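See below for the structure under consideration.
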Amino acid sequence: MSNSLIDINSLKIEIGATELISSLDLSLNSNERIGITGPSGCGKTTLLKYLLKIHSGKEDSSKVSLKKGLSIAYMPQSEGLLPWFSLIKNLEVYSNNQDIIKNTLEELGLENNKYSFPTQMSGGESQRALLATAIVSKPDLFIADEPLTELDLANKWNILEYWSKEISKVNSTLLLVSHDIETLIYLCDKVIVLTDKPSTIKGTMNVVETHPRLKEFIVSNNYLDYKSELVELINGKL
Amino acid sequence: MDSLIQFYDIFLSSLRWLIGLSIGCVLGLFFAILGSYKYSKKPSKIINDFLRAIPIIGLVPVIQMNIGINEFGKIGLIAWAVMFPVWITVRTALNKKFDDSELMLSGANIIGYKYFRLYTFPKLFSGFLNGIEIAIGIAWLAVVAGEWVGTYTQGFWSGGLGYKLILGYELNNWEMVHYNLLIFGILGFTSAHLWRFIIKTLFKNNKSFNPIIKMN
């Protein structure tokens with residue numbers, strides 16, 4: 001039986017007359033963590049939304065196969081919480097377990113925001129709230145689009161470490177899109193760099209480190225080596 | 001002055017207003033939901049745009065001719081006028097899309113009744129509240145047209161501010177006209193503020209959901 005959650009073969013995505021993705025091959029296996037980066041407008045977010053639409057049956061493609069019955073926690077860039085519910089109610093949409101909700105709120109420093117409505121929260125708080133909804137749902141697959149970009153540095157690594165542990169704890173899989181190479185290296189096993197549109201894969205970098213990764217990883221020599229390699233890959237010519 | 005102070009007229013007009021408003025709101029909601037289905041979307045939009053352009057004053061003789069001067073016609077006219085703003089605001093609210101929220105919900109396999117309860121219904125309800133806010137004022141305008149249909153009936157339903165207003169014009173009694181206009185203004189002001197008070201009390205913490213608080 002295949003271990004693959006997502007299989008993409010020669011996928012092409014066009015929006016109107018614009019070809020965003022010319023040919024993409026990607027396979028995401030269970031427990032794997034893949035990051036995607038590339039220039040703005042190369043179709044990264046469109047790809048994630050396309051996959052989610054296939055999952056919900058709103059799109060159909062012979063080029064993409066998704067494992068049936070997957071539960072996916074999608075983390076959009078900033079909005080996504082239901083505006084008519086407080087944070088705690090938003091979390092209860094995705095989980096009935098009050099202990100998990102309470103613990104997640106504490107870990108993400110959101111205890112004081114639990115009765116706040118989405119419009120009453122700052123950008124950083126909203127992003128942490130989106131992560132909270134994703135974590136409490138204990139999904140098979142996290143799909144995250146530029147998560148945690150508005151977090152202050154003091155919180156960023158604590159939260160990434162917590163998230164990394166939670167992904168390991170529930171044996172989940174991650175598909176992450178980001179411009180933040182530090183987050184990509186910290187969380188992912190493999191980082192795919194896309195070209196400008198019409199995009200295709202420019203190169204791939206493997207991050208061979210065990211999970212869950214601790215904060216100490218970011219001050220290690222290995223981490224700096226990965227960072228240099230990825231910068232070179234992003235800036236390098238095809 | 002005794003003849004001007006007609007509390008019973010105020011009561012009757014308010015009662016017609018309330019019944020017409022309630023029926024109109026329910027009808028507006030019903031047609032908006034009906035129009036949200038794939039195959040009824042376009043016909044519903046065309047019918048709505050056609051019907052709401054018909055002047056309510058123009059319907060008065062039609063009602064008199066075809067239905068008579070009973071309460072059914074009067075309240076029907078008020079409900080007719082009220083139905084359209086509710087229809088439009090609910091339809092607009094239903095058409096509003098929170099793309100990321102939808103993807104989050106469908107990703108977590110939240111579908112069917114749970115999806116309706118958590119996503120569609122709050123959207124619809126928000127539009128419904130907005131529609132009522134607009135409909136409150138329109139219903140008072142329609143009361144005059146409704147009561148113009150005729151108030152020469154006997155018994156409980158005999159009277160109304162709109163009737164008195166028109167009678168004032170006919171008798172060239174400008175004191176009576178101004179008095180009735182003033183009462184309409186006071187009733188409109190009171191009903192709108194009462195409605196806002198109820199909404200603010202019910203949704204005092206939920207500023208994002210409460211369209212009225214946001215408006216103010």
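Every chain in the structure tokens has a letter given in the order shown (A, B, ...), and although residue numbers restart at 1 in each chain, ligands are simply numbered from 1 in the order shown.
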
Self-check item: Which of segment 24-219 of chain A fall in alpha helix (DSSP H), as a ChimeraX atom specification
Solution: /A:44-56,87-94,98-107,123-136,153-169,181-187

Practice problem: Could you please tell me, as a ChimeraX atom specification, which residues of chain A have an atom within 8 Å of chain B when using only C-alpha atoms? | Solution: /A:49,52-53,55-56,71-76,79-86,93-94,117-119,137,139

Quiz item: Can you list, as a VMD selection string, every protein, DNA or RNA residue that comes within 12 Å of Leu233 of chain A when you count only C-alpha atoms, leaving out same-chain residues fewer than 4 positions away?
Solution: chain A and resid 37 to 38 181 191 to 195 201 to 206 226 to 229 237 to 238

Let's have the selection written as a tab-separated table (two decimals), in the first residue's frame, with C-alpha atoms.
```tsv
chain	number	residue	atom	x	y	z
A	37	THR	CA	9.78	28.56	-1.60
A	38	GLY	CA	10.21	30.71	-4.68
A	181	ILE	CA	14.24	30.24	4.88
A	191	VAL	CA	12.93	22.33	0.72
A	192	ILE	CA	11.83	22.75	-2.88
A	193	VAL	CA	12.79	25.97	-4.66
A	194	LEU	CA	10.54	27.06	-7.53
A	195	THR	CA	11.51	29.25	-10.46
A	201	ILE	CA	11.28	23.06	-9.71
A	202	LYS	CA	14.61	24.87	-9.67
A	203	GLY	CA	16.23	22.69	-7.08
A	204	THR	CA	15.76	20.71	-3.89
A	205	MET	CA	17.63	20.69	-0.62
A	206	ASN	CA	17.37	17.94	1.97
A	226	TYR	CA	21.88	24.52	5.32
A	227	LYS	CA	21.13	28.22	5.27
A	228	SER	CA	24.07	28.97	2.97
A	229	GLU	CA	23.13	26.10	0.69
A	237	LYS	CA	21.07	30.39	-12.02
A	238	LEU	CA	19.25	27.43	-13.52
```

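Straight-line separation from atom CA of Gln120 of chain A to atom CA of Trp157 of chain A: 24.5 Å.
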
Quiz item: If you count only C-alpha atoms, which residues fall within 9 Å of Leu27 of chain B, apart from same-chain ones fewer than 5 positions away, as a PyMOL selection string?
Solution: chain B and resi 22+32+79-80+82-84+86-87

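For the choices A:Asn222, A:Thr45, A:Thr104, A:Asn97, the atom-to-atom distance to Ile13 of chain A is smallest for A:Thr45 when using only C-alpha atoms.
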
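Here atom CA of Ile218 of chain A and atom CA of Leu153 of chain A stand 12.6 Å from one another.
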
Quiz item: Can you tell me, as a ChimeraX atom specification, what residues are no more than 10 Å from Lys197 of chain A when counting only C-alpha atoms, ignoring any on the same chain fewer than 6 positions away?
Solution: /A:18-22,38-43

With all heavy atoms kept, could you save the residues just selected as a CSV table (one decimal), in the first residue's frame?
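Wrote selection31.csv, looks like this:
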```
chain,number,residue,atom,x,y,z
A,18,THR,N,-2.7,33.5,-17.8
A,18,THR,CA,-1.3,33.4,-17.2
A,18,THR,C,-1.0,32.0,-16.7
A,18,THR,O,-1.8,31.4,-16.0
A,18,THR,CB,-1.3,34.3,-15.9
A,18,THR,OG1,-1.8,35.6,-16.3
A,18,THR,CG2,0.1,34.4,-15.4
A,19,GLU,N,0.1,31.5,-17.2
A,19,GLU,CA,0.5,30.2,-16.8
A,19,GLU,C,1.4,30.4,-15.5
A,19,GLU,O,2.4,31.0,-15.5
A,19,GLU,CB,1.3,29.5,-17.9
A,19,GLU,CG,1.6,28.1,-17.6
A,19,GLU,CD,2.4,27.4,-18.7
A,19,GLU,OE1,2.8,28.1,-19.7
A,19,GLU,OE2,2.7,26.2,-18.5
A,20,LEU,N,0.9,29.9,-14.4
A,20,LEU,CA,1.6,30.0,-13.1
A,20,LEU,C,2.6,28.9,-12.9
A,20,LEU,O,3.7,29.1,-12.6
A,20,LEU,CB,0.6,30.0,-12.0
A,20,LEU,CG,-0.1,31.3,-11.6
A,20,LEU,CD1,-1.0,31.1,-10.4
A,20,LEU,CD2,0.9,32.4,-11.3
A,21,ILE,N,2.1,27.7,-13.1
A,21,ILE,CA,3.0,26.5,-12.9
A,21,ILE,C,3.0,25.7,-14.2
A,21,ILE,O,1.9,25.4,-14.7
A,21,ILE,CB,2.5,25.7,-11.7
A,21,ILE,CG1,2.6,26.4,-10.4
A,21,ILE,CG2,3.2,24.3,-11.6
A,21,ILE,CD1,2.1,25.7,-9.2
A,22,SER,N,4.2,25.5,-14.7
A,22,SER,CA,4.3,24.9,-16.0
A,22,SER,C,4.3,23.4,-15.9
A,22,SER,O,3.7,22.7,-16.7
A,22,SER,CB,5.4,25.4,-16.8
A,22,SER,OG,6.6,25.1,-16.2
A,38,GLY,N,10.0,30.2,-3.3
A,38,GLY,CA,10.2,30.7,-4.7
A,38,GLY,C,9.8,32.2,-4.7
A,38,GLY,O,9.2,32.7,-3.8
A,39,PRO,N,10.0,32.8,-5.9
A,39,PRO,CA,9.7,34.2,-6.0
A,39,PRO,C,8.2,34.5,-5.8
A,39,PRO,O,7.3,33.6,-6.0
A,39,PRO,CB,10.1,34.6,-7.5
A,39,PRO,CG,10.8,33.4,-8.0
A,39,PRO,CD,10.5,32.2,-7.1
A,40,SER,N,7.9,35.7,-5.4
A,40,SER,CA,6.4,36.1,-5.2
A,40,SER,C,5.7,35.9,-6.5
A,40,SER,O,6.2,36.3,-7.6
A,40,SER,CB,6.3,37.5,-4.8
A,40,SER,OG,6.9,37.7,-3.5
A,41,GLY,N,4.5,35.4,-6.5
A,41,GLY,CA,3.7,35.2,-7.7
A,41,GLY,C,4.0,34.0,-8.5
A,41,GLY,O,3.5,33.9,-9.6
A,42,CYS,N,4.8,33.1,-8.0
A,42,CYS,CA,5.2,31.9,-8.8
A,42,CYS,C,4.2,30.8,-8.6
A,42,CYS,O,4.3,29.8,-9.2
A,42,CYS,CB,6.6,31.5,-8.5
A,42,CYS,SG,6.8,30.6,-6.9
A,43,GLY,N,3.1,31.0,-7.8
A,43,GLY,CA,2.1,30.0,-7.7
A,43,GLY,C,2.1,29.1,-6.5
A,43,GLY,O,1.4,28.1,-6.5
```

Quiz item: How many Å lie between atom CA of Leu91 of chain A and atom CA of Leu160 of chain A, rounded to one decimal?
Solution: 19.3 Å

Quiz item: Excluding same-chain residues fewer than 4 positions from segment 181-193 of chain B, what lies within 8 Å of it counting only C-alpha atoms, as a list in words?
Solution: Glu133, Ile136, Gly137, Trp140, Leu161, Leu165, Val177 and Phe197 of chain B

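Proximity to Phe125 of chain B was assessed for B:Asn48, B:Leu21, B:Thr92, B:Leu167 counting only C-alpha atoms; the smallest distance is recorded for B:Thr92.
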